[in-house]
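Colleague: Just one file: run_16.tsv, with TSV, C-alpha atoms.
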chain	number	residue	atom	x	y	z
E	23	MET	CA	23.24	-14.91	-9.68
E	24	LYS	CA	22.34	-13.34	-6.32
E	25	ASP	CA	24.15	-10.12	-7.33
E	26	PHE	CA	22.24	-10.16	-10.60
E	27	ALA	CA	18.94	-10.49	-8.71
E	28	ARG	CA	19.85	-7.55	-6.45
E	29	VAL	CA	20.54	-5.37	-9.50
E	30	ILE	CA	17.14	-6.22	-11.00
E	31	ILE	CA	15.37	-5.45	-7.71
E	32	MET	CA	17.15	-2.08	-7.52
E	33	LEU	CA	16.16	-1.26	-11.12
E	34	ILE	CA	12.50	-2.03	-10.45
E	35	VAL	CA	12.52	0.09	-7.27
E	36	SER	CA	14.20	2.93	-9.19
E	37	PHE	CA	11.61	2.64	-11.94
E	38	ALA	CA	8.80	3.09	-9.43
E	39	SER	CA	10.57	5.93	-7.56
E	40	ALA	CA	11.29	7.85	-10.77
E	41	PHE	CA	7.57	8.36	-11.32
E	42	ALA	CA	6.57	8.71	-7.67
E	43	GLN	CA	5.44	12.32	-8.11
E	44	SER	CA	3.65	11.76	-11.41
E	45	GLU	CA	-0.10	12.09	-11.78
E	46	LYS	CA	0.04	8.85	-13.74
E	47	LYS	CA	0.29	7.07	-10.39
E	48	PRO	CA	2.73	4.25	-11.02
E	49	GLU	CA	2.34	1.07	-9.00
E	50	PHE	CA	4.92	-1.07	-7.24
E	51	PHE	CA	4.07	-4.67	-6.31
E	52	ALA	CA	5.94	-6.96	-3.93
E	53	GLY	CA	4.76	-10.36	-2.84
E	54	TYR	CA	5.02	-14.11	-2.54
E	55	SER	CA	5.33	-16.31	-5.63
E	56	PHE	CA	4.65	-20.01	-6.15
E	57	GLU	CA	5.49	-21.66	-9.45
E	58	SER	CA	5.06	-25.21	-10.73
E	59	VAL	CA	7.39	-25.89	-13.65
E	60	ASN	CA	8.92	-28.77	-15.64
E	61	THR	CA	12.45	-29.72	-14.61
E	62	GLY	CA	13.81	-29.71	-18.17
E	63	ILE	CA	15.11	-33.27	-17.78
E	64	ASN	CA	13.12	-36.49	-18.06
E	65	SER	CA	13.57	-40.24	-18.49
E	66	SER	CA	13.24	-40.04	-22.29
E	67	ASN	CA	16.64	-38.27	-22.39
E	68	PHE	CA	18.39	-41.46	-21.25
E	69	THR	CA	18.66	-44.85	-22.96
E	70	ALA	CA	18.35	-47.15	-19.94
E	71	THR	CA	17.69	-44.92	-16.94
E	72	THR	CA	14.55	-43.54	-15.36
E	73	THR	CA	14.59	-40.45	-13.20
E	74	SER	CA	12.23	-38.78	-10.76
E	75	LEU	CA	12.98	-35.51	-12.57
E	76	ASP	CA	9.93	-36.46	-14.64
E	77	ASN	CA	8.07	-34.77	-11.77
E	78	ARG	CA	7.64	-31.01	-11.83
E	79	PHE	CA	9.41	-28.65	-9.44
E	80	LYS	CA	7.12	-26.87	-6.98
E	81	THR	CA	8.96	-23.67	-6.17
E	82	ASN	CA	8.57	-20.82	-3.70
E	83	GLY	CA	9.94	-17.31	-4.01
E	84	LEU	CA	9.14	-13.66	-4.60
E	85	ASN	CA	7.58	-11.52	-7.31
E	86	LEU	CA	8.30	-7.80	-7.84
E	87	SER	CA	6.87	-5.50	-10.47
E	88	ALA	CA	6.59	-1.82	-11.34
E	89	ALA	CA	3.87	-0.44	-13.62
E	90	ASN	CA	3.37	3.00	-15.15
E	91	TYR	CA	0.05	3.89	-16.82
E	92	PHE	CA	-0.29	6.16	-19.84
E	93	THR	CA	-4.09	6.24	-19.53
E	94	THR	CA	-6.56	5.11	-16.88
E	95	ARG	CA	-6.46	1.62	-18.34
E	96	LEU	CA	-3.32	1.11	-20.43
E	97	GLY	CA	0.18	0.91	-19.07
E	98	VAL	CA	3.51	-0.87	-19.20
E	99	VAL	CA	4.94	-3.17	-16.52
E	100	ALA	CA	8.37	-4.57	-15.64
E	101	ASP	CA	8.21	-7.87	-13.76
E	102	PHE	CA	10.83	-9.89	-11.85
E	103	SER	CA	10.42	-13.20	-10.03
E	104	ALA	CA	12.83	-15.57	-8.31
E	105	ASN	CA	11.75	-19.08	-7.31
E	106	PHE	CA	13.63	-21.90	-5.60
E	107	ASN	CA	13.29	-25.58	-4.75
E	108	THR	CA	15.54	-28.20	-3.14
E	109	ARG	CA	14.48	-31.85	-3.06
E	110	SER	CA	15.66	-35.46	-3.26
E	111	ASP	CA	15.61	-37.21	-6.65
E	112	THR	CA	16.78	-40.46	-8.23
E	113	PHE	CA	18.57	-41.52	-11.43
E	114	GLY	CA	17.91	-45.23	-11.67
E	115	ASN	CA	19.16	-46.63	-8.34
E	116	THR	CA	21.32	-43.60	-7.61
E	117	ALA	CA	20.01	-40.99	-5.18
E	118	SER	CA	20.62	-37.29	-5.76
E	119	GLN	CA	19.89	-33.91	-4.25
E	120	SER	CA	18.37	-31.39	-6.69
E	121	LYS	CA	18.87	-27.66	-6.20
E	122	PHE	CA	16.78	-25.58	-8.59
E	123	SER	CA	16.37	-21.85	-9.14
E	124	LEU	CA	14.40	-19.91	-11.73
E	125	TYR	CA	14.66	-16.17	-12.42
E	126	ASN	CA	12.18	-14.42	-14.73
E	127	ILE	CA	12.64	-10.89	-16.08
E	128	THR	CA	9.78	-9.80	-18.34
E	129	GLY	CA	8.06	-6.64	-19.47
E	130	GLY	CA	5.20	-5.49	-21.68
E	131	PRO	CA	1.74	-3.93	-21.82
E	132	GLN	CA	-0.74	-4.23	-18.98
E	133	LEU	CA	-4.44	-3.42	-19.16
E	134	ARG	CA	-6.49	-2.74	-16.03
E	135	PHE	CA	-10.24	-2.41	-15.62
E	136	PRO	CA	-11.02	0.13	-12.85
E	137	SER	CA	-14.59	0.43	-11.57
E	138	SER	CA	-16.56	2.03	-8.76
E	139	SER	CA	-15.92	-1.02	-6.58
E	140	LYS	CA	-12.72	-1.75	-4.66
E	141	PHE	CA	-11.77	-4.53	-7.08
E	142	THR	CA	-9.53	-3.82	-10.08
E	143	PRO	CA	-8.88	-6.71	-12.48
E	144	PHE	CA	-5.91	-6.53	-14.86
E	145	ALA	CA	-4.31	-8.54	-17.66
E	146	HIS	CA	-0.90	-8.45	-19.29
E	147	VAL	CA	1.28	-9.96	-22.01
E	148	LEU	CA	4.95	-9.93	-20.99
E	149	ALA	CA	8.12	-11.19	-22.68
E	150	GLY	CA	11.74	-11.41	-21.61
E	151	VAL	CA	14.35	-13.87	-20.38
E	152	ALA	CA	14.43	-16.71	-17.86
E	153	ARG	CA	17.54	-17.97	-16.09
E	154	ARG	CA	17.26	-21.64	-15.05
E	155	ASN	CA	19.84	-23.24	-12.75
E	156	LEU	CA	19.79	-26.95	-11.84
E	157	THR	CA	22.44	-28.68	-9.76
E	158	GLU	CA	22.41	-32.44	-9.09
E	159	THR	CA	24.54	-33.76	-6.23
E	160	PHE	CA	24.81	-37.56	-6.26
E	161	THR	CA	25.54	-39.97	-3.46
E	162	GLY	CA	27.86	-42.95	-3.87
E	163	GLY	CA	30.63	-41.17	-5.75
E	164	ALA	CA	28.74	-40.43	-8.98
E	165	ILE	CA	29.76	-37.32	-10.93
E	166	ASN	CA	27.73	-34.24	-10.02
E	167	PHE	CA	26.46	-31.89	-12.73
E	168	THR	CA	25.14	-28.36	-13.07
E	169	ASP	CA	22.84	-27.22	-15.89
E	170	HIS	CA	22.52	-23.44	-16.52
E	171	ASN	CA	20.33	-21.96	-19.26
E	172	THR	CA	19.19	-18.49	-20.28
E	173	SER	CA	16.10	-18.66	-22.50
E	174	PHE	CA	13.34	-16.57	-24.02
E	175	THR	CA	10.22	-16.60	-21.86
E	176	MET	CA	6.77	-15.06	-21.50
E	177	ASN	CA	4.29	-14.33	-18.73
E	178	LEU	CA	0.70	-14.40	-19.96
E	179	GLY	CA	-1.93	-13.72	-17.36
E	180	GLY	CA	-3.49	-11.26	-14.97
E	181	GLY	CA	-5.14	-10.93	-11.61
E	182	VAL	CA	-7.21	-8.72	-9.35
E	183	ASP	CA	-6.31	-6.01	-6.80
E	184	TYR	CA	-8.43	-4.99	-3.80
E	185	LYS	CA	-8.15	-1.33	-2.74
E	186	LEU	CA	-7.25	-0.89	0.94
E	187	ASN	CA	-6.85	2.91	0.85
E	188	GLY	CA	-5.48	5.63	-1.42
E	189	ARG	CA	-1.91	4.31	-1.23
E	190	PHE	CA	-2.21	0.56	-0.80
E	191	ALA	CA	-4.01	-2.37	-2.39
E	192	TRP	CA	-3.91	-6.11	-1.82
E	193	ARG	CA	-3.15	-8.17	-4.90
E	194	ILE	CA	-5.50	-11.00	-4.04
E	195	ALA	CA	-4.19	-13.21	-6.82
E	196	GLN	CA	-2.09	-13.02	-9.96
E	197	PHE	CA	-1.91	-16.03	-12.27
E	198	ASP	CA	0.58	-16.35	-15.13
E	199	TYR	CA	1.33	-18.99	-17.71
E	200	ASN	CA	5.12	-18.93	-17.94
E	201	PRO	CA	6.41	-20.82	-21.00
E	202	ILE	CA	10.20	-21.09	-21.08
E	203	PHE	CA	11.65	-21.93	-24.49
E	204	LEU	CA	14.66	-24.08	-23.62
E	205	ARG	CA	17.17	-24.53	-26.44
E	206	ASP	CA	18.90	-27.83	-27.20
E	207	HIS	CA	22.17	-28.38	-25.37
E	208	THR	CA	24.61	-31.15	-24.47
E	209	PHE	CA	26.44	-31.91	-21.27
E	210	ASN	CA	27.91	-35.09	-19.75
E	211	SER	CA	27.59	-36.64	-23.24
E	212	VAL	CA	23.79	-36.40	-23.09
E	213	THR	CA	21.92	-34.27	-25.63
E	214	PHE	CA	18.81	-32.51	-24.40
E	215	PRO	CA	16.54	-31.36	-27.25
E	216	SER	CA	14.78	-28.01	-27.47
E	217	ARG	CA	11.58	-28.01	-25.47
E	218	THR	CA	9.08	-25.70	-23.82
E	219	LEU	CA	8.95	-25.78	-20.04
E	220	ASN	CA	5.38	-25.05	-18.95
E	221	GLY	CA	5.42	-22.92	-15.83
E	222	PHE	CA	2.33	-21.85	-13.90
E	223	ARG	CA	2.91	-18.99	-11.48
E	224	PHE	CA	0.73	-17.67	-8.65
E	225	SER	CA	1.52	-14.44	-6.79
E	226	THR	CA	-0.05	-12.44	-3.99
E	227	GLY	CA	1.10	-9.41	-2.03
E	228	ILE	CA	0.91	-5.65	-1.58
E	229	VAL	CA	0.56	-2.95	-4.24
E	230	ILE	CA	1.90	0.53	-3.42
E	231	LYS	CA	0.66	3.50	-5.44
Starting from the file, lay out its structure as structure tokens.
Modeller:
Amino acid sequence: MKDFARVIIMLIVSFASAFAQSEKKPEFFAGYSFESVNTGINSSNFTATTTSLDNRFKTNGLNLSAANYFTTRLGVVADFSANFNTRSDTFGNTASQSKFSLYNITGGPQLRFPSSSKFTPFAHVLAGVARRNLTETFTGGAINFTDHNTSFTMNLGGGVDYKLNGRFAWRIAQFDYNPIFLRDHTFNSVTFPSRTLNGFRFSTGIVIK
């Protein structure tokens, strides 16, 4: 998965570089990402066991994007984020260590609202795929398990940039609702029904024009 992430980062950088001399002034964003998201597993999946996986993952990671504008306002953006979390959990009386990663690759139209001030708000509707990886390592000899899923996802949101100079801006905040449409699947004799994981992503960082 790390090699896959490197390829996506290289594609986004290439996308931005390809238009570097264009008067359309493409933008490249790189920054920090925080996302709160459902785990995809909860106590209702088991007949006589409760689990702390009812609690959402609070993940940290990075967000990269490249945008090219066809007009002053309307453009298209490719967005990549990678978020990670490791924590202690429980299944009944059994302790476990959860290792979680979430990769989002989305793209779509972006609309910005330039003005005479240094602030430029923007909004976008993006769609693509999410790769979710969850590994549970149990203590006491219980069988470990790994759950991998690739699902359709969206990023619906926007933010605001603050112009620093002609080449750089600070993305003060970007907020996205990140629904992940997890399909039903079975492992370890447990069936997990289709469900929507509700992710809420915050990003901040530097925009290069």
Colleague: Determine, counting all atoms listed in the file, which protein, DNA and RNA residues have an atom within 8 Å of an atom of Ser65 in chain E; residues of the same chain fewer than 3 positions away are not included. Present the result as a VMD selection string.
Modeller: chain E and resid 68 71 to 76
Colleague: Taking all atoms listed in the file into account, name the residue in E:Thr116, E:Asn220, E:Pro143, E:Leu186 that is nearest to Pro201 in chain E.
Modeller: E:Asn220
Colleague: I'd like the contact shell of Phe102 in chain E - 8 Å cut-off, all atoms listed in the file, skipping same-chain residues fewer than 2 positions apart - returned as a list of chain:residue names.
Modeller: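 The residues that qualify are E:Ile30, E:Ile31, E:Asn85, E:Leu86, E:Ser87, E:Ala100, E:Ala104, E:Tyr125, E:Asn126, E:Ile127, E:Thr128.
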Colleague: Quick one: residues within 7 Å of Asn90 in chain E, only C-alpha atoms, excluding same-chain residues fewer than 6 positions away - as a ChimeraX atom specification?
Modeller: /E:46-49,97-99
Colleague: As an exercise, work out the distance from CA of Trp192 in chain E to CA of Phe144 in chain E in Å and give it to one decimal place.
Modeller: 13.2 Å
Colleague: Just how far from CA of Arg193 in chain E is CA of Leu84 in chain E, in Å to one decimal?
Modeller: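 Straight-line distance from CA of Leu84 in chain E to CA of Arg193 in chain E works out to 13.5 Å.
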Colleague: Once 4 Å is added on each side, what are the centre and the three edge lengths, in Å to one decimal, of the axis-aligned box enclosing the listed atoms of range 146-154 of chain E? Present them as JSON.
Modeller:
{"center_x": 8.3, "center_y": -15.0, "center_z": -18.9, "size_x": 26.4, "size_y": 21.2, "size_z": 15.6}
Colleague: Quick check, in Å to one decimal: how far apart do CA of Lys121 in chain E and CA of Asn82 in chain E lie?
Modeller: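 Distance reported for this atom pair: 12.6 Å.
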Colleague: Rank E:Phe113, E:Phe106, E:Tyr91, E:Phe122 by their smallest atom-to-atom distance to Thr61 in chain E, using all atoms listed in the file, and report the top residue only.
Modeller: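 Counting all atoms listed in the file, the residue closest to Thr61 in chain E is E:Phe122.
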